[in-house]
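Participant: Mind looking over this structure? Questions follow.
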Amino acid sequence: MGEVVLKVGLIDVDGHNFPNLALMRISAYHKARGDEVEWWWTDFFHYDLVYMSKVFSDAYSPDKPEPLNADKVIKGGTGYCITLGEDGKEHFDQSKNHSLPDEIEKMFPDYSIYPQYDFAVSMTSRGCPRGCQFCHVAAKEGRCSVKVADVSDFWTPETGKREIKVLDPNITACREKRDLMRQYRETGCWIDFTQGLDIRCLNDADIDDLNGMKIKMLHFAWDNPADDLEGKFRRFAEQYKKKGHCKTVYCLTNYNSTMEQNLYRIYTLRDLGYDPYVMIYNKPDAPKEIRMLQRWCNNKIIFKTVNRFEDYKPFTR
Ligand code: SF4
């Protein structure tokens with residue numbers, strides 16, 4: 001007797017603003033088994049199994065009620081492991097962290113469930129040695145960046161996709177980064193390192209690879225004001241050949257930094273030809289001045305018009 005065909009429902013709790021890699025793998029796995037897979041959409045039909053996946057914490061992506069019409073509901077994803085502590089900060093709860101079973105984890109993503117996106121996504125390394133306190137990567141994936149897959153596990157020419165969004169948390173700290181960078185370069189696709197590159201780890205070979213890749217935009221981070229990264233950013237700006245390119249640098253605010261330190265990073269980056277982008281830790285509880293800083297800096301029309309934040313504070317008058 002063959003295996004029973006299951007009716008499987010998928011719920012992307014974060015909404016459909018970005019393809020959820022786990023759900024794409026789950027879909028591929030069940031379709032390969034011959035199961036029926038669809039987005040869960042109503043309580044009127046019966047489902048044998050429903051998967052709910054959530055990447056973001058409740059602060060950004062509130063949980064949804066469990067469906068009533070499923071024999072079994074499996075909830076997973078980083079968003080379900082993040083809890084708000086008594087200190088008002090988010091913590092990663094390791095006891096809630098369940099990885100996908102190996103047979104699902106190795107599936108090639110089923111891109112057909114997100115027809116609205118024409119790019120591939122990849123996660124070729126996991127972990128990060130930095131352990132920044134506001135970030136859950138080290139707690140979830142460990143303090144070492146290790147290769148976990150090849151680019152061909154996420155993208156092949158047959159997908160027809162011409163862009164790959166790389167979700168690796170810190171590929172530049174990965175021991176096998178030469179191999180991975182070569183693989184990305186050889187796809188000939190546009191490469192988007194969505195989680196940012198670690199300017200502290202970039203060596204000359206990395207910069208050569210980046211110069212040889214099709215890249216529309218680069219993301220870096222300068223989160224900790226105690227890190228003196230001006231020299232590193234200056235060196236990269238000099239060696240990176242695509243001078244007109246947008247090089248965004250995330251600057252974390254509302255987390256152990258003063259306004260003076262926030263502005264130092266923003267002004268320094270702008271003077272070096274980067275595009276600073278303010279991120280706010282715990283945005284729902286952030287002071288108004290920080291939200292104004294974000295609006296001033298991230299709205300590029302305002303940022304180009306009003307040269308100094310000190311001149312963009314109508315609310316204080
Ligand atoms: S460097 Fe980035 S990925 Fe690594 S711990 Fe810090 S914020 Fe997280």
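A note on labels: chains of the structure tokens are A, B, ... as shown, every chain counts residues from 1, and ligands are counted from 1 in their shown order.
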Which residues are near ligand 1 - at most 6 Å, using only C-alpha atoms and all ligand atoms? Format: as a list of chain:residue names.

Facilitator: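 Based on only C-alpha atoms and all ligand atoms, ligand 1 is surrounded within 6 Å by A:Cys128, A:Arg130, A:Gly131, A:Cys132, A:Cys135, A:Val137, A:Ala138, A:Pro169, A:Asn170.
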
Participant: As a ChimeraX atom specification, list the residues of region 26-257 of chain A assigned to alpha helix (DSSP H) by DSSP on the backbone atoms of this structure.

Facilitator: /A:26-33,102-105,137-141,177-187,204-212,230-239

Participant: Enumerate, in order of chain and increasing residue number, the residues of region 79-188 of chain A with an atom no farther than 8 Å from region 11-20 of chain A, each with its shortest atom pair and distance in Å to one decimal, counting only C-alpha atoms, as JSON lines.

Facilitator:
```
{"residue": "A:Tyr114", "atom": "CA", "partner": "A:Pro19", "partner_atom": "CA", "distance": 6.4}
{"residue": "A:Tyr117", "atom": "CA", "partner": "A:Pro19", "partner_atom": "CA", "distance": 7.6}
{"residue": "A:Val121", "atom": "CA", "partner": "A:Pro19", "partner_atom": "CA", "distance": 7.9}
```

Participant: So how many Å separate CA of Tyr267 (chain A) and CA of Cys201 (chain A), to one decimal?

Facilitator: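 Separation of CA of Tyr267 (chain A) and CA of Cys201 (chain A): 22.8 Å.
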
Participant: As an exercise, work out the distance from CA of Asp206 (chain A) to CA of Gln183 (chain A) in Å and give it to one decimal place.

Facilitator: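 Taking CA of Asp206 (chain A) as the start and CA of Gln183 (chain A) as the end point, the length is 12.8 Å.
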
Participant: Please list as a compact mmCIF listing (two decimals) with all heavy atoms, in the first residue's frame every residue within 12 Å of Glu3 (chain A), counting only C-alpha atoms and excluding residues in the same chain fewer than 5 positions away.

Facilitator:
```txt
# COMPACT_ATOMS: atom_id res chain seq x y z
N HIS A 30 6.31 17.77 0.94
CA HIS A 30 5.00 17.11 0.90
C HIS A 30 4.54 16.86 -0.54
O HIS A 30 3.93 15.83 -0.82
CB HIS A 30 3.96 17.92 1.68
CG HIS A 30 4.09 17.69 3.17
ND1 HIS A 30 3.65 16.54 3.78
CD2 HIS A 30 4.65 18.44 4.14
CE1 HIS A 30 3.92 16.59 5.07
NE2 HIS A 30 4.52 17.75 5.32
N ALA A 32 6.49 16.18 -2.96
CA ALA A 32 7.27 15.01 -3.42
C ALA A 32 6.67 13.71 -2.89
O ALA A 32 6.80 12.65 -3.52
CB ALA A 32 8.73 15.16 -2.97
N ARG A 33 6.01 13.78 -1.74
CA ARG A 33 5.35 12.60 -1.18
C ARG A 33 4.00 12.32 -1.87
O ARG A 33 3.35 11.34 -1.60
CB ARG A 33 5.04 12.80 0.31
CG ARG A 33 6.17 12.65 1.27
CD ARG A 33 5.66 12.87 2.69
NE ARG A 33 5.07 11.67 3.28
CZ ARG A 33 3.79 11.47 3.50
NH1 ARG A 33 2.90 12.37 3.17
NH2 ARG A 33 3.36 10.35 4.05
N GLY A 34 3.55 13.26 -2.65
CA GLY A 34 2.25 13.12 -3.30
C GLY A 34 1.12 13.76 -2.51
O GLY A 34 -0.06 13.60 -2.85
N ASP A 35 1.47 14.51 -1.45
CA ASP A 35 0.42 15.17 -0.65
C ASP A 35 -0.12 16.39 -1.38
O ASP A 35 0.53 16.96 -2.26
CB ASP A 35 1.00 15.60 0.71
CG ASP A 35 1.45 14.40 1.53
OD1 ASP A 35 0.88 13.30 1.34
OD2 ASP A 35 2.39 14.55 2.34
```

Participant: Quick check for you: according to DSSP on this backbone, which residues of region 53-233 of chain A are classed as strand (DSSP E or B)? Reply as JSON, numbers by chain.

Facilitator: {"A": [53, 70, 71, 72, 73, 74, 75, 76, 82, 83, 84, 90, 91, 92, 120, 121, 122, 125, 126, 146, 147, 163, 164, 165, 166, 190, 191, 192, 193, 197, 214, 217, 218, 219, 220, 221]}

Participant: Would you write out those residues with N, CA, C and O atoms, as a compact mmCIF listing (two decimals), in the first residue's frame?

Facilitator:
```txt
# COMPACT_ATOMS: atom_id res chain seq x y z
N SER A 53 4.47 29.09 10.18
CA SER A 53 5.86 29.51 10.30
C SER A 53 5.94 31.01 10.49
O SER A 53 5.19 31.78 9.88
N ALA A 70 -7.70 21.34 11.79
CA ALA A 70 -6.55 20.52 11.44
C ALA A 70 -6.34 19.43 12.48
O ALA A 70 -6.48 19.69 13.68
N ASP A 71 -6.00 18.23 12.00
CA ASP A 71 -5.70 17.16 12.96
C ASP A 71 -4.43 17.48 13.73
O ASP A 71 -4.28 17.13 14.89
N LYS A 72 -3.50 18.13 13.03
CA LYS A 72 -2.22 18.42 13.69
C LYS A 72 -1.72 19.78 13.20
O LYS A 72 -1.82 20.09 12.01
N VAL A 73 -1.21 20.57 14.14
CA VAL A 73 -0.64 21.87 13.77
C VAL A 73 0.82 21.89 14.23
O VAL A 73 1.11 21.58 15.38
N ILE A 74 1.70 22.22 13.32
CA ILE A 74 3.12 22.32 13.67
C ILE A 74 3.54 23.77 13.52
O ILE A 74 3.39 24.36 12.44
N LYS A 75 4.03 24.36 14.62
CA LYS A 75 4.45 25.76 14.58
C LYS A 75 5.97 25.81 14.67
O LYS A 75 6.56 25.09 15.49
N GLY A 76 6.57 26.65 13.87
CA GLY A 76 8.03 26.73 13.92
C GLY A 76 8.55 28.03 13.34
O GLY A 76 7.82 28.80 12.72
N ILE A 82 11.26 33.65 20.20
CA ILE A 82 11.65 34.92 20.82
C ILE A 82 10.59 35.34 21.83
O ILE A 82 9.41 35.46 21.50
N THR A 83 11.03 35.55 23.05
CA THR A 83 10.09 35.97 24.09
C THR A 83 10.56 37.31 24.66
O THR A 83 11.75 37.63 24.64
N LEU A 84 9.62 38.05 25.17
CA LEU A 84 9.94 39.35 25.77
C LEU A 84 10.23 39.14 27.26
O LEU A 84 9.37 38.65 28.00
N GLU A 90 14.07 41.38 24.10
CA GLU A 90 13.70 40.09 23.52
C GLU A 90 14.80 39.07 23.80
O GLU A 90 15.99 39.39 23.77
N HIS A 91 14.39 37.83 24.09
CA HIS A 91 15.34 36.76 24.36
C HIS A 91 15.01 35.56 23.49
O HIS A 91 13.84 35.29 23.22
N PHE A 92 16.05 34.85 23.13
CA PHE A 92 15.84 33.65 22.33
C PHE A 92 15.70 32.46 23.27
O PHE A 92 16.59 32.19 24.08
N ALA A 120 15.36 33.93 -6.27
CA ALA A 120 15.61 32.74 -5.42
C ALA A 120 16.11 33.22 -4.07
O ALA A 120 16.60 34.36 -3.94
N VAL A 121 15.99 32.38 -3.06
CA VAL A 121 16.59 32.71 -1.76
C VAL A 121 17.54 31.58 -1.36
O VAL A 121 17.31 30.44 -1.73
N SER A 122 18.58 31.92 -0.64
CA SER A 122 19.53 30.88 -0.25
C SER A 122 19.96 31.08 1.20
O SER A 122 19.93 32.21 1.72
N SER A 125 25.16 29.37 4.71
CA SER A 125 25.94 29.25 5.95
C SER A 125 25.06 29.70 7.11
O SER A 125 24.11 30.45 6.92
N ARG A 126 25.41 29.19 8.27
CA ARG A 126 24.65 29.57 9.47
C ARG A 126 25.62 29.93 10.59
O ARG A 126 26.75 29.46 10.61
N VAL A 146 29.35 28.56 9.72
CA VAL A 146 29.76 27.34 8.99
C VAL A 146 28.90 27.14 7.75
O VAL A 146 27.71 27.45 7.74
N LYS A 147 29.53 26.60 6.74
CA LYS A 147 28.81 26.31 5.50
C LYS A 147 27.84 25.15 5.75
O LYS A 147 28.22 24.14 6.34
N GLU A 163 18.06 36.35 -9.95
CA GLU A 163 18.55 37.04 -8.75
C GLU A 163 18.49 36.08 -7.56
O GLU A 163 17.53 35.30 -7.44
N ILE A 164 19.50 36.12 -6.72
CA ILE A 164 19.51 35.30 -5.51
C ILE A 164 19.61 36.22 -4.30
O ILE A 164 20.53 37.05 -4.21
N LYS A 165 18.67 36.07 -3.39
CA LYS A 165 18.74 36.82 -2.14
C LYS A 165 19.36 35.90 -1.09
O LYS A 165 18.79 34.87 -0.74
N VAL A 166 20.54 36.28 -0.64
CA VAL A 166 21.33 35.44 0.27
C VAL A 166 20.91 35.78 1.71
O VAL A 166 21.01 36.93 2.13
N TRP A 190 22.20 38.14 -10.31
CA TRP A 190 22.35 39.27 -9.40
C TRP A 190 22.36 38.71 -7.99
O TRP A 190 21.51 37.87 -7.64
N ILE A 191 23.29 39.16 -7.18
CA ILE A 191 23.40 38.64 -5.82
C ILE A 191 23.08 39.74 -4.82
O ILE A 191 23.63 40.85 -4.90
N ASP A 192 22.18 39.42 -3.90
CA ASP A 192 21.81 40.39 -2.86
C ASP A 192 22.09 39.76 -1.50
O ASP A 192 21.41 38.83 -1.08
N PHE A 193 23.12 40.24 -0.83
CA PHE A 193 23.44 39.75 0.53
C PHE A 193 22.52 40.48 1.50
O PHE A 193 22.87 41.54 2.05
N LEU A 197 27.02 42.42 4.86
CA LEU A 197 28.36 41.84 4.91
C LEU A 197 29.08 42.45 6.10
O LEU A 197 28.85 43.61 6.44
N LYS A 214 27.61 40.23 -10.00
CA LYS A 214 26.57 41.18 -10.39
C LYS A 214 25.83 41.60 -9.12
O LYS A 214 25.12 40.79 -8.53
N MET A 217 23.20 46.22 -5.05
CA MET A 217 23.25 46.96 -3.80
C MET A 217 24.00 46.13 -2.75
O MET A 217 23.83 44.91 -2.72
N LEU A 218 24.81 46.77 -1.94
CA LEU A 218 25.50 46.06 -0.87
C LEU A 218 24.99 46.55 0.48
O LEU A 218 24.69 47.74 0.63
N HIS A 219 24.89 45.64 1.41
CA HIS A 219 24.44 46.03 2.76
C HIS A 219 25.57 45.73 3.74
O HIS A 219 26.15 44.65 3.70
N PHE A 220 25.84 46.66 4.59
CA PHE A 220 26.76 46.44 5.71
C PHE A 220 26.03 46.84 6.99
O PHE A 220 24.89 47.32 6.94
N ALA A 221 26.71 46.65 8.10
CA ALA A 221 26.13 47.14 9.36
C ALA A 221 27.23 47.80 10.17
O ALA A 221 28.38 47.37 10.15
```

Participant: Just the number, please: distance in Å from CA of Tyr277 (chain A) to CA of Gly79 (chain A), one decimal.

Facilitator: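 About the pair CA of Tyr277 (chain A) and CA of Gly79 (chain A): they are 23.5 Å apart.
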
Participant: Select, from A:Phe134, A:Lys241, A:Asp208, A:Phe154, the residue with the minimum atom-to-atom distance to Asp223 (chain A), counting only C-alpha atoms.

Facilitator: A:Phe134

Participant: Which one is closest to Asp110 (chain A): A:Tyr47, A:Lys288, A:Gly127, A:Lys31? Count only C-alpha atoms.

Facilitator: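 Looking only at the distances to Asp110 (chain A), the closest residue turns out to be A:Lys31.
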
Participant: Would you please work out which residue, of A:Phe108, A:Ala139, A:Lys96, A:Gln116, is nearest to Val151 (chain A) when using only C-alpha atoms?

Facilitator: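 That would be A:Phe108, the residue with the smallest distance to Val151 (chain A).
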
Participant: Determine the nearest neighbour of Ile199 (chain A) from the options A:Lys216, A:Lys242, A:Arg175, A:Lys232, counting only C-alpha atoms.

Facilitator: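 Once distances to Ile199 (chain A) are computed over only C-alpha atoms, the minimum belongs to A:Lys232.
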